[in-house]
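Trainee: As input, take model00.cif (mmCIF, C-alpha atoms):
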data_protein
loop_
_atom_site.label_atom_id
_atom_site.label_comp_id
_atom_site.auth_asym_id
_atom_site.auth_seq_id
_atom_site.Cartn_x
_atom_site.Cartn_y
_atom_site.Cartn_z
CA MET A 1032 43.09 33.70 -10.73
CA ARG A 1033 41.93 35.65 -7.68
CA GLN A 1034 42.14 39.00 -9.43
CA PHE A 1035 39.41 37.78 -11.80
CA ASP A 1036 36.91 36.92 -9.05
CA GLN A 1037 34.35 39.51 -10.16
CA PRO A 1038 30.64 38.84 -9.73
CA GLY A 1039 29.28 37.07 -12.79
CA ALA A 1040 32.59 36.68 -14.65
CA CYS A 1041 33.75 33.11 -15.28
CA VAL A 1042 37.48 33.06 -15.98
CA VAL A 1043 39.36 29.97 -17.05
CA CYS A 1044 42.89 29.24 -18.23
CA LEU A 1045 43.32 26.59 -20.94
CA ASP A 1046 46.46 24.92 -22.20
CA PRO A 1047 47.07 24.74 -26.00
CA SER A 1048 45.10 21.46 -26.18
CA LEU A 1049 42.08 23.41 -24.76
CA THR A 1050 42.21 21.50 -21.47
CA VAL A 1051 41.01 23.41 -18.39
CA GLN A 1052 44.03 24.13 -16.16
CA GLN A 1053 42.63 26.54 -13.60
CA ALA A 1054 39.60 28.78 -13.13
CA ASN A 1055 38.03 31.25 -10.74
CA ARG A 1056 35.29 30.51 -8.19
CA GLU A 1057 32.47 31.80 -10.42
CA PHE A 1058 33.48 29.36 -13.17
CA PHE A 1059 33.39 26.43 -10.74
CA ARG A 1060 30.04 27.63 -9.40
CA GLN A 1061 28.53 27.73 -12.89
CA PHE A 1062 30.05 24.36 -13.79
CA ASP A 1063 29.14 22.27 -10.77
CA ASP A 1064 31.33 23.51 -7.90
CA ALA A 1065 33.82 20.64 -8.17
CA SER A 1066 37.23 21.78 -9.41
CA ALA A 1067 38.37 18.18 -9.60
CA ASP A 1068 35.53 17.45 -12.04
CA VAL A 1069 36.23 20.45 -14.30
CA CYS A 1070 40.03 20.76 -14.28
CA GLY A 1071 41.60 18.43 -16.82
CA ARG A 1072 38.49 18.39 -19.05
CA ASP A 1073 38.38 19.62 -22.63
CA PHE A 1074 36.80 23.09 -22.53
CA CYS A 1075 34.67 22.31 -25.60
CA ASP A 1076 32.95 19.55 -23.61
CA LEU A 1077 31.49 22.30 -21.42
CA VAL A 1078 29.59 23.91 -24.31
CA HIS A 1079 26.59 22.61 -26.18
CA PRO A 1080 27.42 20.21 -29.05
CA SER A 1081 25.71 22.53 -31.55
CA VAL A 1082 28.37 25.22 -31.02
CA GLN A 1083 31.46 23.02 -30.51
CA GLN A 1084 32.67 22.98 -34.13
CA ALA A 1085 32.41 26.74 -34.57
CA LEU A 1086 34.17 27.32 -31.24
CA LYS A 1087 36.98 24.88 -32.12
CA ARG A 1088 37.54 26.78 -35.40
CA GLN A 1089 37.91 30.03 -33.43
CA PHE A 1090 40.41 28.44 -31.02
CA THR A 1091 42.39 27.00 -33.96
CA ARG A 1092 42.81 30.53 -35.35
CA LEU A 1093 44.17 31.64 -31.97
CA LEU A 1094 46.61 28.76 -31.83
CA ASP A 1095 47.89 29.14 -35.41
CA GLY A 1096 48.52 32.86 -34.88
CA SER A 1097 45.98 34.20 -37.36
CA ARG A 1098 44.15 35.88 -34.45
CA HIS A 1099 45.17 37.11 -31.02
CA ARG A 1100 41.69 37.16 -29.51
CA PHE A 1101 38.05 36.54 -30.38
CA THR A 1102 34.65 37.27 -28.91
CA THR A 1103 31.56 35.17 -29.52
CA HIS A 1104 28.37 33.89 -27.92
CA VAL A 1105 28.08 30.28 -26.79
CA VAL A 1106 25.56 28.02 -25.13
CA ALA A 1107 27.29 26.42 -22.15
CA ILE A 1108 26.18 23.37 -20.17
CA GLY A 1109 26.41 24.24 -16.50
CA ALA A 1110 25.58 22.52 -13.25
CA GLU A 1111 23.13 19.61 -13.52
CA GLY A 1112 23.02 19.88 -17.32
CA ALA A 1113 21.31 23.29 -17.41
CA ALA A 1114 22.08 25.26 -20.59
CA PHE A 1115 22.78 29.00 -20.45
CA THR A 1116 23.91 31.58 -22.99
CA SER A 1117 27.15 33.41 -22.41
CA GLY A 1118 29.35 35.97 -24.06
CA LEU A 1119 32.86 34.53 -24.41
CA THR A 1120 36.16 36.30 -24.99
CA ALA A 1121 39.35 34.29 -25.52
CA VAL A 1122 42.87 35.72 -25.62
CA ALA A 1123 46.06 33.90 -26.60
CA VAL A 1124 48.86 34.20 -24.04
CA ARG A 1125 52.16 33.81 -25.88
CA GLU A 1126 55.67 32.85 -24.87
CA GLY A 1127 57.89 35.15 -26.88
CA THR A 1128 56.47 36.03 -30.28
CA ALA A 1129 55.07 32.79 -31.65
CA HIS A 1130 54.31 29.96 -29.24
CA VAL A 1131 50.90 30.04 -27.50
CA ALA A 1132 51.51 29.06 -23.86
CA SER A 1133 47.87 29.25 -22.77
CA ILE A 1134 44.48 30.72 -23.58
CA LEU A 1135 42.61 32.96 -21.16
CA VAL A 1136 38.81 32.70 -21.50
CA VAL A 1137 36.34 35.08 -19.87
CA MET A 1138 32.65 34.17 -19.94
CA ARG A 1139 29.79 36.42 -18.87
CA PRO A 1140 26.35 34.76 -18.81
CA THR A 1141 23.96 36.93 -20.86
CA ALA A 1142 20.56 38.28 -19.83
CA GLY A 1143 21.24 37.61 -16.17
CA GLY A 1144 22.45 34.10 -16.88
CA GLU A 1145 18.97 32.77 -17.57
CA GLU A 1146 18.66 29.17 -18.60
CA VAL A 1147 17.65 28.32 -22.16
CA GLU A 1148 15.62 25.37 -23.33
CA MET A 1149 17.98 23.03 -25.14
CA VAL A 1150 18.49 19.31 -25.37
CA THR A 1151 21.49 18.97 -23.08
CA ASN A 1152 21.60 15.35 -22.03
CA ARG A 1153 22.70 14.21 -25.47
CA LYS A 1154 19.76 11.87 -25.81
CA LYS A 1155 19.36 10.11 -29.11
CA LEU A 1156 16.46 12.14 -30.43
CA LEU A 1157 16.41 11.31 -34.15
CA THR A 1158 16.81 8.30 -36.40
CA GLU A 1159 19.38 8.53 -39.20
CA THR A 1160 16.59 9.07 -41.77
CA GLU A 1161 14.92 11.78 -39.67
CA ALA A 1162 18.27 13.54 -39.30
CA ARG A 1163 18.85 13.55 -43.08
CA ILE A 1164 15.30 14.81 -43.68
CA LEU A 1165 15.70 17.59 -41.10
CA GLU A 1166 18.98 18.63 -42.77
CA GLY A 1167 17.27 18.68 -46.17
CA ILE A 1168 14.35 20.77 -44.90
CA ALA A 1169 16.78 23.19 -43.24
CA ALA A 1170 18.62 23.48 -46.58
CA GLY A 1171 15.36 24.39 -48.31
CA LEU A 1172 14.59 21.13 -50.11
CA SER A 1173 10.98 20.20 -50.78
CA THR A 1174 9.47 16.72 -50.56
CA ILE A 1175 10.28 15.40 -54.07
CA PRO A 1176 14.00 16.34 -54.10
CA LEU A 1177 14.29 14.94 -50.55
CA ALA A 1178 12.63 11.68 -51.63
CA SER A 1179 14.99 11.39 -54.59
CA ARG A 1180 18.09 12.13 -52.49
CA LEU A 1181 17.17 9.65 -49.74
CA TYR A 1182 15.71 6.91 -51.99
CA LEU A 1183 12.32 7.19 -50.32
CA SER A 1184 8.83 7.57 -51.70
CA ARG A 1185 7.10 10.92 -51.43
CA GLN A 1186 4.78 9.39 -48.82
CA GLY A 1187 7.81 8.08 -46.90
CA VAL A 1188 9.26 11.59 -46.66
CA GLU A 1189 5.90 13.02 -45.56
CA TYR A 1190 5.61 10.28 -42.90
CA HIS A 1191 9.02 11.19 -41.45
CA VAL A 1192 8.27 14.93 -41.62
CA THR A 1193 5.06 14.35 -39.66
CA ARG A 1194 7.03 12.39 -37.04
CA LEU A 1195 9.57 15.22 -36.78
CA LEU A 1196 6.80 17.80 -36.34
CA ARG A 1197 5.33 15.72 -33.50
CA LYS A 1198 8.70 15.03 -31.84
CA LEU A 1199 9.63 18.71 -31.74
CA ARG A 1200 6.03 19.84 -31.13
CA VAL A 1201 5.79 22.34 -33.98
CA PRO A 1202 3.06 23.05 -36.58
CA ASN A 1203 5.06 23.36 -39.84
CA ARG A 1204 8.45 22.98 -41.56
CA ALA A 1205 9.63 26.54 -40.91
CA ALA A 1206 8.94 26.14 -37.20
CA LEU A 1207 10.64 22.73 -37.30
CA VAL A 1208 13.92 24.24 -38.53
CA SER A 1209 13.68 27.15 -36.11
CA ARG A 1210 13.03 24.83 -33.17
CA ALA A 1211 15.84 22.45 -34.18
CA TYR A 1212 18.32 25.35 -34.15
CA SER A 1213 16.95 26.81 -30.92
CA ILE A 1214 17.30 23.56 -28.96
CA GLY A 1215 20.73 22.81 -30.42
CA VAL A 1216 19.91 19.81 -32.64
CA LEU A 1217 21.35 21.55 -35.75
CA ASN A 1218 24.98 22.72 -35.75
CA VAL A 1219 25.46 26.48 -35.52
CA GLY A 1220 27.69 28.04 -38.20
CA CYS A 1221 27.51 25.07 -40.55
CA TRP A 1222 26.32 24.95 -44.20
CA PRO A 1223 24.78 22.83 -45.51
CA PRO A 1224 22.82 22.27 -42.28
CA LYS A 1225 24.04 19.32 -40.21
CA VAL A 1226 22.40 17.56 -37.27
CA VAL A 1227 24.70 17.23 -34.24
CA ASP A 1228 25.85 13.57 -34.21
CA ASP A 1229 25.09 13.23 -30.48
CA PHE A 1230 21.35 13.36 -31.21
CA ILE A 1231 21.22 10.60 -33.85
CA LYS A 1232 20.24 7.08 -32.73
#
Take the structure from the file and write it as structure tokens.
Mentor:
Amino acid sequence: MRQFDQPGACVVCLDPSLTVQQANREFFRQFDDASADVCGRDFCDLVHPSVQQALKRQFTRLLDGSRHRFTTHVVAIGAEGAAFTSGLTAVAVREGTAHVASILVVMRPTAGGEEVEMVTNRKKLLTETEARILEGIAAGLSTIPLASRLYLSRQGVEYHVTRLLRKLRVPNRAALVSRAYSIGVLNVGCWPPKVVDDFIK
């Protein structure tokens, strides 16, 4: 991997099960300096839960042969749980014509690798009811349809919405949805909107 030791470029080799096999120094620096801690881990565990499903779908297309490479943006969880945005390019390395032997991933932190504010420690932020209400609001439902769907009174829905606004420190429903996506509580690339399971009590 020495030929990939370029400033700022994280390069990692995955096996077909998406397990980290080897990586360059920059990758280890971004992900806690300990190769023993990173090698052998599932690569998707190194990205924020809100982007894991979409990323796994992209990798599946590489492995089944419907794509040879893809480029996307991810939010990765680096050293000490700090989140950062990164451009990611993955290329399938094949044995012969069909079998994928490994996947080469190149990551370049965007905007100078600045950290982004996201919930990264997988704390249980929402109750089950709050999660369902947040999903409904993100899908565009108003109070009465939400109350009917969740078997709550109108006042019950409003109570939970008020709690959500306070928890995420926002003034209204539009800001609530925007904030939930920006901190990674709602899954990226998923419709209808779905709260990441890691954040439900």
Trainee: List, as a PDB file with C-alpha atoms, in the coordinates of the input, every residue that the PyMOL selection byres ((chain A and resi 1124) around 12) selects in the file provided.
Mentor:
ATOM      1  CA  CYS A1044      42.890  29.240 -18.230  1.00  0.00           C
ATOM      2  CA  LEU A1045      43.320  26.590 -20.940  1.00  0.00           C
ATOM      3  CA  ASP A1046      46.460  24.920 -22.200  1.00  0.00           C
ATOM      4  CA  PRO A1047      47.070  24.740 -26.000  1.00  0.00           C
ATOM      5  CA  LEU A1093      44.170  31.640 -31.970  1.00  0.00           C
ATOM      6  CA  LEU A1094      46.610  28.760 -31.830  1.00  0.00           C
ATOM      7  CA  GLY A1096      48.520  32.860 -34.880  1.00  0.00           C
ATOM      8  CA  ARG A1098      44.150  35.880 -34.450  1.00  0.00           C
ATOM      9  CA  HIS A1099      45.170  37.110 -31.020  1.00  0.00           C
ATOM     10  CA  ARG A1100      41.690  37.160 -29.510  1.00  0.00           C
ATOM     11  CA  ALA A1121      39.350  34.290 -25.520  1.00  0.00           C
ATOM     12  CA  VAL A1122      42.870  35.720 -25.620  1.00  0.00           C
ATOM     13  CA  ALA A1123      46.060  33.900 -26.600  1.00  0.00           C
ATOM     14  CA  ARG A1125      52.160  33.810 -25.880  1.00  0.00           C
ATOM     15  CA  GLU A1126      55.670  32.850 -24.870  1.00  0.00           C
ATOM     16  CA  GLY A1127      57.890  35.150 -26.880  1.00  0.00           C
ATOM     17  CA  THR A1128      56.470  36.030 -30.280  1.00  0.00           C
ATOM     18  CA  ALA A1129      55.070  32.790 -31.650  1.00  0.00           C
ATOM     19  CA  HIS A1130      54.310  29.960 -29.240  1.00  0.00           C
ATOM     20  CA  VAL A1131      50.900  30.040 -27.500  1.00  0.00           C
ATOM     21  CA  ALA A1132      51.510  29.060 -23.860  1.00  0.00           C
ATOM     22  CA  SER A1133      47.870  29.250 -22.770  1.00  0.00           C
ATOM     23  CA  ILE A1134      44.480  30.720 -23.580  1.00  0.00           C
ATOM     24  CA  LEU A1135      42.610  32.960 -21.160  1.00  0.00           C
ATOM     25  CA  VAL A1136      38.810  32.700 -21.500  1.00  0.00           C
TER      26      VAL A1136
END
Trainee: Nearest residue to A:Lys1198 out of A:Val1219, A:Leu1165, A:Ala1113, A:Leu1183, using all atoms listed in the file?
Mentor: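 Checking each of A:Val1219, A:Leu1165, A:Ala1113, A:Leu1183 against A:Lys1198, counting all atoms listed in the file, the winner is A:Leu1165.
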Trainee: Residues within 10 Å of A:Gly1118, please, as a PyMOL selection string. Count all atoms listed in the file; anything in the same chain fewer than 3 positions from it doesn't count.
Mentor: chain A and resi 1040+1102-1107+1137-1141
Trainee: When distances are computed from all atoms listed in the file, which of A:Ser1081, A:Gln1052, A:Thr1158, A:Thr1174 shows the smallest separation from A:Ile1231?
Mentor: A:Thr1158
Trainee: Expressed in Å to a single decimal, how great is the separation between atom CA of A:His1079 and atom CA of A:Phe1115?
Mentor: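 Interatomic distance, atom CA of A:His1079 to atom CA of A:Phe1115: 9.4 Å.
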Trainee: Evaluating the PyMOL selection byres ((chain A and resi 1194) around 12) on the displayed file yields which residues, as a PyMOL selection string?
Mentor: chain A and resi 1156-1158+1160-1162+1164-1165+1187-1193+1195-1204+1207
Trainee: As an exercise, work out the distance from atom CA of A:Val1226 to atom CA of A:Glu1166 in Å and give it to one decimal place.
Mentor: 6.6 Å
